[in-house]
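Student: What follows is the file coords-v8.cif, containing mmCIF, C-alpha atoms:
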data_input
#
loop_
_atom_site.label_atom_id
_atom_site.label_comp_id
_atom_site.auth_asym_id
_atom_site.auth_seq_id
_atom_site.Cartn_x
_atom_site.Cartn_y
_atom_site.Cartn_z
CA MET A 1 0.00 0.00 0.00
CA ALA A 2 1.64 3.28 -1.14
CA LEU A 3 1.12 6.38 1.04
CA ASN A 4 2.21 9.98 0.42
CA ILE A 5 3.60 11.29 3.70
CA ALA A 6 4.54 14.93 4.39
CA TYR A 7 6.57 15.97 7.42
CA PHE A 8 6.74 19.37 9.14
CA ALA A 9 8.96 21.25 11.64
CA TRP A 10 11.30 19.00 13.68
CA VAL A 11 9.65 15.86 12.34
CA ARG A 12 10.76 16.98 8.85
CA GLU A 13 14.28 17.79 10.04
CA ARG A 14 14.69 14.43 11.76
CA MET A 15 13.29 12.51 8.77
CA GLY A 16 15.61 14.44 6.44
CA VAL A 17 12.89 14.92 3.77
CA ALA A 18 9.80 17.09 3.44
CA GLU A 19 7.75 14.33 1.83
CA GLU A 20 8.05 10.81 0.53
CA VAL A 21 6.03 7.99 -0.95
CA VAL A 22 6.18 5.03 1.41
CA ASP A 23 5.12 1.46 0.64
CA VAL A 24 3.61 0.22 3.88
CA PRO A 25 2.36 -3.32 4.60
CA ALA A 26 -1.12 -3.98 3.19
CA GLY A 27 -3.88 -3.61 5.74
CA MET A 28 -2.11 -1.10 7.98
CA ALA A 29 -5.04 0.16 10.02
CA ASP A 30 -4.48 3.60 11.45
CA VAL A 31 -2.21 6.58 12.14
CA ALA A 32 -0.80 5.00 15.30
CA ALA A 33 0.23 1.90 13.34
CA LEU A 34 1.91 4.07 10.68
CA VAL A 35 3.86 6.07 13.29
CA ALA A 36 5.00 2.85 15.01
CA TRP A 37 6.03 1.36 11.64
CA LEU A 38 8.02 4.50 10.70
CA ALA A 39 9.74 4.47 14.13
CA ALA A 40 10.81 0.85 13.60
CA ARG A 41 11.83 1.29 9.93
CA ASP A 42 15.16 3.11 10.32
CA ASP A 43 17.27 5.40 12.52
CA ARG A 44 15.69 8.64 11.29
CA GLY A 45 12.21 7.27 11.98
CA ALA A 46 13.34 6.13 15.42
CA LEU A 47 14.58 9.69 16.10
CA ALA A 48 11.48 11.45 14.74
CA PHE A 49 8.90 9.17 16.35
CA ALA A 50 10.62 8.16 19.60
CA ASP A 51 7.69 9.71 21.50
CA PRO A 52 4.44 9.18 19.52
CA LEU A 53 2.56 11.39 22.00
CA ARG A 54 4.48 14.42 20.65
CA VAL A 55 3.34 13.78 17.08
CA ARG A 56 0.11 15.03 15.47
CA ALA A 57 -1.39 13.95 12.15
CA ALA A 58 -3.70 15.15 9.39
CA ILE A 59 -5.22 13.05 6.62
CA ASP A 60 -5.98 14.82 3.33
CA GLY A 61 -6.02 18.22 5.03
CA VAL A 62 -8.17 17.23 8.03
CA MET A 63 -6.81 16.82 11.56
CA ALA A 64 -6.65 13.15 12.53
CA SER A 65 -6.15 11.13 15.72
CA PRO A 66 -3.98 8.04 16.40
CA GLY A 67 -7.02 5.87 15.71
CA SER A 68 -7.96 7.51 12.40
CA PRO A 69 -8.09 4.87 9.61
CA LEU A 70 -5.62 5.07 6.71
CA ALA A 71 -7.98 3.44 4.19
CA GLY A 72 -8.54 5.76 1.22
CA ALA A 73 -6.02 8.36 2.42
CA ARG A 74 -4.10 10.25 -0.27
CA GLU A 75 -1.75 12.27 1.93
CA ILE A 76 -0.78 11.86 5.57
CA ALA A 77 0.87 14.85 7.29
CA LEU A 78 2.91 14.20 10.45
CA PHE A 79 4.02 17.12 12.64
CA PRO A 80 4.56 18.39 16.22
CA PRO A 81 1.94 20.37 18.21
CA VAL A 82 1.56 23.80 16.57
CA THR A 83 3.27 26.96 17.89
CA GLY A 84 2.03 29.89 15.79
CA GLY A 85 0.94 33.36 16.82
CA MET B 1 -14.93 41.90 4.22
CA ILE B 2 -12.70 39.05 5.37
CA ARG B 3 -9.03 39.20 4.33
CA VAL B 4 -6.85 36.20 5.27
CA LEU B 5 -3.23 35.85 4.10
CA VAL B 6 -0.24 33.61 4.73
CA GLN B 7 2.84 35.33 3.32
CA THR B 8 6.64 35.27 3.37
CA ALA B 9 6.84 39.00 2.54
CA ALA B 10 6.96 41.58 5.33
CA ILE B 11 3.52 42.62 6.61
CA ASP B 12 2.85 46.29 5.73
CA VAL B 13 0.77 47.23 8.78
CA ALA B 14 -0.04 50.78 7.62
CA ALA B 15 -1.19 49.63 4.17
CA GLU B 16 -3.25 46.80 5.67
CA LEU B 17 -4.92 49.20 8.12
CA ASP B 18 -5.80 51.58 5.27
CA LEU B 19 -7.28 48.72 3.25
CA HIS B 20 -9.16 47.36 6.26
CA ASP B 21 -10.53 50.78 7.22
CA ALA B 22 -11.65 51.76 3.72
CA GLY B 23 -15.30 51.06 4.53
CA GLY B 24 -15.33 53.13 7.73
CA HIS B 25 -16.31 51.26 10.88
CA GLY B 26 -17.40 52.33 14.35
CA ALA B 27 -14.71 50.42 16.22
CA SER B 28 -11.49 48.80 15.03
CA ALA B 29 -9.38 46.61 17.32
CA SER B 30 -5.89 45.48 16.37
CA PHE B 31 -3.24 43.04 17.51
CA ILE B 32 0.29 43.24 16.11
CA GLY B 33 2.63 40.39 17.10
CA ARG B 34 6.34 41.09 16.66
CA VAL B 35 9.43 38.88 16.87
CA ARG B 36 11.13 39.33 20.25
CA GLY B 37 14.94 39.43 20.36
CA ASP B 38 15.10 37.73 23.79
CA ASP B 39 18.20 35.71 24.77
CA GLY B 40 20.17 36.78 21.70
CA LEU B 41 17.63 35.51 19.18
CA THR B 42 18.84 36.26 15.65
CA GLU B 43 16.21 34.49 13.52
CA LEU B 44 12.68 33.19 13.95
CA PHE B 45 11.62 30.73 11.25
CA LEU B 46 7.96 29.79 10.78
CA ASP B 47 7.22 26.48 9.09
CA HIS B 48 3.73 26.05 7.62
CA HIS B 49 1.54 23.65 5.61
CA PRO B 50 0.91 24.69 1.99
CA THR B 51 -2.88 24.40 2.25
CA MET B 52 -3.90 23.70 5.87
CA THR B 53 -2.32 26.86 7.35
CA GLY B 54 -4.40 29.21 5.21
CA ALA B 55 -7.50 27.03 5.60
CA GLY B 56 -7.07 27.08 9.40
CA LEU B 57 -6.81 30.88 9.48
CA ALA B 58 -9.89 31.18 7.24
CA ASP B 59 -11.85 28.83 9.54
CA LEU B 60 -10.96 30.99 12.55
CA ALA B 61 -11.92 34.18 10.71
CA HIS B 62 -15.31 32.78 9.73
CA GLY B 63 -15.78 31.49 13.28
CA ALA B 64 -15.25 35.01 14.63
CA VAL B 65 -17.70 36.51 12.12
CA ASP B 66 -20.30 33.90 13.11
CA ARG B 67 -19.79 34.69 16.78
CA TRP B 68 -19.67 38.48 16.85
CA GLN B 69 -21.08 41.34 14.77
CA ILE B 70 -18.00 42.00 12.63
CA ALA B 71 -17.95 44.37 9.65
CA ALA B 72 -14.37 43.71 8.56
CA LEU B 73 -11.67 41.25 9.53
CA THR B 74 -8.01 41.08 8.52
CA LEU B 75 -5.89 38.10 9.62
CA ILE B 76 -2.36 37.89 8.22
CA HIS B 77 0.39 35.51 9.37
CA ARG B 78 3.92 35.73 8.10
CA VAL B 79 5.92 32.53 7.50
CA GLY B 80 9.56 31.79 6.68
CA ALA B 81 12.60 33.56 8.14
CA MET B 82 12.15 36.68 10.29
CA ALA B 83 14.38 38.96 12.40
CA PRO B 84 13.70 40.58 15.81
CA GLY B 85 11.21 43.43 15.44
CA ASP B 86 9.52 41.98 12.35
CA THR B 87 5.74 41.71 12.40
CA ILE B 88 4.78 38.03 12.56
CA VAL B 89 1.00 38.34 12.84
CA LEU B 90 -1.58 41.09 12.27
CA VAL B 91 -5.19 40.89 13.44
CA LEU B 92 -7.65 43.71 12.63
CA ALA B 93 -11.29 43.38 13.66
CA SER B 94 -13.93 46.05 13.09
CA SER B 95 -17.48 46.29 14.30
CA PRO B 96 -20.11 48.93 15.03
CA HIS B 97 -19.35 48.19 18.73
CA ARG B 98 -15.98 48.20 20.52
CA ALA B 99 -16.68 45.19 22.77
CA GLU B 100 -17.28 42.93 19.76
CA ALA B 101 -14.19 44.19 17.92
CA LEU B 102 -11.98 43.66 20.98
CA ALA B 103 -13.42 40.20 21.73
CA ALA B 104 -12.99 39.01 18.15
CA CYS B 105 -9.39 40.24 18.10
CA GLU B 106 -8.53 38.42 21.34
CA TYR B 107 -10.33 35.24 20.23
CA LEU B 108 -8.36 35.14 16.97
CA ILE B 109 -4.95 35.59 18.56
CA ASP B 110 -5.68 33.01 21.28
CA ARG B 111 -7.01 30.39 18.89
CA LEU B 112 -4.38 30.79 16.21
CA LYS B 113 -1.70 29.78 18.71
CA THR B 114 -3.29 26.34 19.10
CA ASP B 115 -5.45 25.69 16.02
CA VAL B 116 -3.37 26.70 13.00
CA MET B 117 -0.59 24.71 11.29
CA LEU B 118 2.41 26.86 12.16
CA TRP B 119 5.68 25.93 13.86
CA LYS B 120 8.35 28.29 15.24
CA ARG B 121 12.09 27.59 15.15
CA GLU B 122 14.47 29.92 17.00
CA THR B 123 18.14 30.54 16.14
CA PHE B 124 20.37 32.32 18.67
CA ALA B 125 23.64 34.27 18.38
CA ASP B 126 25.55 31.49 20.17
CA GLY B 127 24.50 29.01 17.47
CA ARG B 128 21.69 27.27 19.35
CA VAL B 129 18.69 26.25 17.19
CA ALA B 130 15.48 25.07 18.85
CA TRP B 131 11.88 24.41 17.84
CA VAL B 132 9.44 26.13 20.20
CA GLU B 133 7.32 23.81 22.36
CA GLN B 134 3.57 24.40 22.75
CA ARG B 135 2.84 26.07 26.09
CA ASP B 136 0.12 24.84 28.45
CA GLY B 137 -0.93 28.47 29.02
CA ASP B 138 -1.65 28.92 25.30
CA ALA B 139 -3.86 25.81 25.24
CA ALA B 140 -5.75 27.03 28.32
CA ARG B 141 -6.34 30.48 26.79
CA ALA B 142 -7.63 28.91 23.57
CA GLU B 143 -9.91 26.43 25.36
CA ARG B 144 -11.72 29.09 27.38
CA TRP B 145 -13.42 30.22 24.14
CA GLY B 146 -15.05 26.77 23.83
#
Can I see the file as structure tokens?

Tutor:
Amino acid sequence: MALNIAYFAWVRERMGVAEEVVDVPAGMADVAALVAWLAARDDRGALAFADPLRVRAAIDGVMASPGSPLAGAREIALFPPVTGG
Amino acid sequence: MIRVLVQTAAIDVAAELDLHDAGGHGASASFIGRVRGDDGLTELFLDHHPTMTGAGLADLAHGAVDRWQIAALTLIHRVGAMAPGDTIVLVLASSPHRAEALAACEYLIDRLKTDVMLWKRETFADGRVAWVEQRDGDAARAERWG
């Protein structure tokens, strides 16, 4: 299953890329499973997703939660809590 | 009139106020956020999402117009690299009544700290670089609006 993933702020810096197409195992259920899979995949993922509680997600432009399903998603954004203003 | 912008160019506060005020309103409230040079800060960089940042600001602007009697609203956030003293955010809210203009202005600045896809990275004169962490106080101020 191919997913377009975009990273922001320190998640982007730790992953070393702004976006990538990732081929994840078929049937991957939700955002939490994706974050755990990225953390286990390589060193940069381990660094970016060491603490999943510090990571937020959006699916196709809509804020998501760890339990949000990946089925049908075109783009997943992964990022820290926001700090604008 | 609702004007929402996300821009890398400097925010021209005087020009934006002229544009905002063109219709003539009873009461105009403003908030201008500027980059602080605390602790030897040399650069503030704002990361943003190409579509969700602008959409989030527009949602907040429409939320304020639904909530209060607002005749004109300007909400501009700068992104990219900035120096101390630069304007990072401009909120202008106008209404026939001052209480509504002031409330809308405060609501927008509180909520945009927690609801909009923006991330601050600070660079200091001694070479330190750090992403800003979300503050509990900001979340509490945003939540009191419900």

Student: What does the PyMOL selection byres ((chain B) within 10 of (chain A)) select in this file, as a VMD selection string?

Tutor: chain B and resid 32 to 34 45 to 53 55 to 56 77 to 79 88 to 90 108 to 121 130 to 135 138

Student: Once the PyMOL selection byres ((chain B and resi 13) around 10) is applied to the coordinates I shared, what remains selected? I want it as a list of chain:residue names.

Tutor: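 Output from the PyMOL selection byres ((chain B and resi 13) around 10), applied to this file: B:Ala10, B:Ile11, B:Asp12, B:Ala14, B:Ala15, B:Glu16, B:Leu17, B:Asp18, B:Leu19, B:Ile32, B:Ile76, B:Thr87, B:Val89, B:Leu90, B:Val91, B:Leu92.
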
Student: Looking at only C-alpha atoms, which of B:Ala104, B:Ala27, B:Ala61, B:Met82 is the one that sits closest to Thr8 in chain B?

Tutor: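 Looking only at the distances to Thr8 in chain B, the closest residue turns out to be B:Met82.
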
Student: Run the PyMOL selection byres ((chain A and resi 31-48) around 12) against the file shown and list the residues it catches, as a PyMOL selection string.

Tutor: chain A and resi 1-5+7-17+20+22-30+49-59+63-71+73+75-80

Student: Could you tell me how far CA of Arg98 in chain B lies from CA of Asp86 in chain B, in Å and to one decimal?

Tutor: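 CA of Arg98 in chain B sits 27.5 Å away from CA of Asp86 in chain B.
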
Student: Find the distance between CA of Asp39 in chain B and CA of Val129 in chain B and write it in Å to one decimal.

Tutor: 12.1 Å

Student: Quick one: everything within 10 Å of Gly26 in chain B, counting all atoms listed in the file, minus sequence neighbours fewer than 3 positions away in the same chain. Send it as a ChimeraX atom specification.

Tutor: /B:71,94-98,101

Student: Find the spatial neighbours of Gly37 in chain B, counting all atoms listed in the file, within a cut-off of 9 Å - ignore same-chain residues fewer than 3 positions away - and output them as a list of chain:residue names.

Tutor: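 Close residues of Gly37 in chain B: B:Gly40, B:Leu41, B:Thr42, B:Glu43, B:Ala83, B:Pro84, B:Gly85.
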
Student: Could you jot down the CA of Ala18 in chain A to CA of Ala81 in chain B separation for me, Å, one decimal place?

Tutor: 17.4 Å

Student: With all atoms listed in the file as the atoms that count, which of B:Ala22, B:Glu106, B:His62, B:Leu44 lies nearest to Arg144 in chain B?

Tutor: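 Of B:Ala22, B:Glu106, B:His62, B:Leu44, the one nearest Arg144 in chain B is B:Glu106, counting all atoms listed in the file.
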
Student: Name the closest residue to Arg67 in chain B among the candidates B:Ala103, B:Ala139, B:Val35, B:Leu5; distances are taken between atoms, counting all atoms listed in the file.

Tutor: B:Ala103
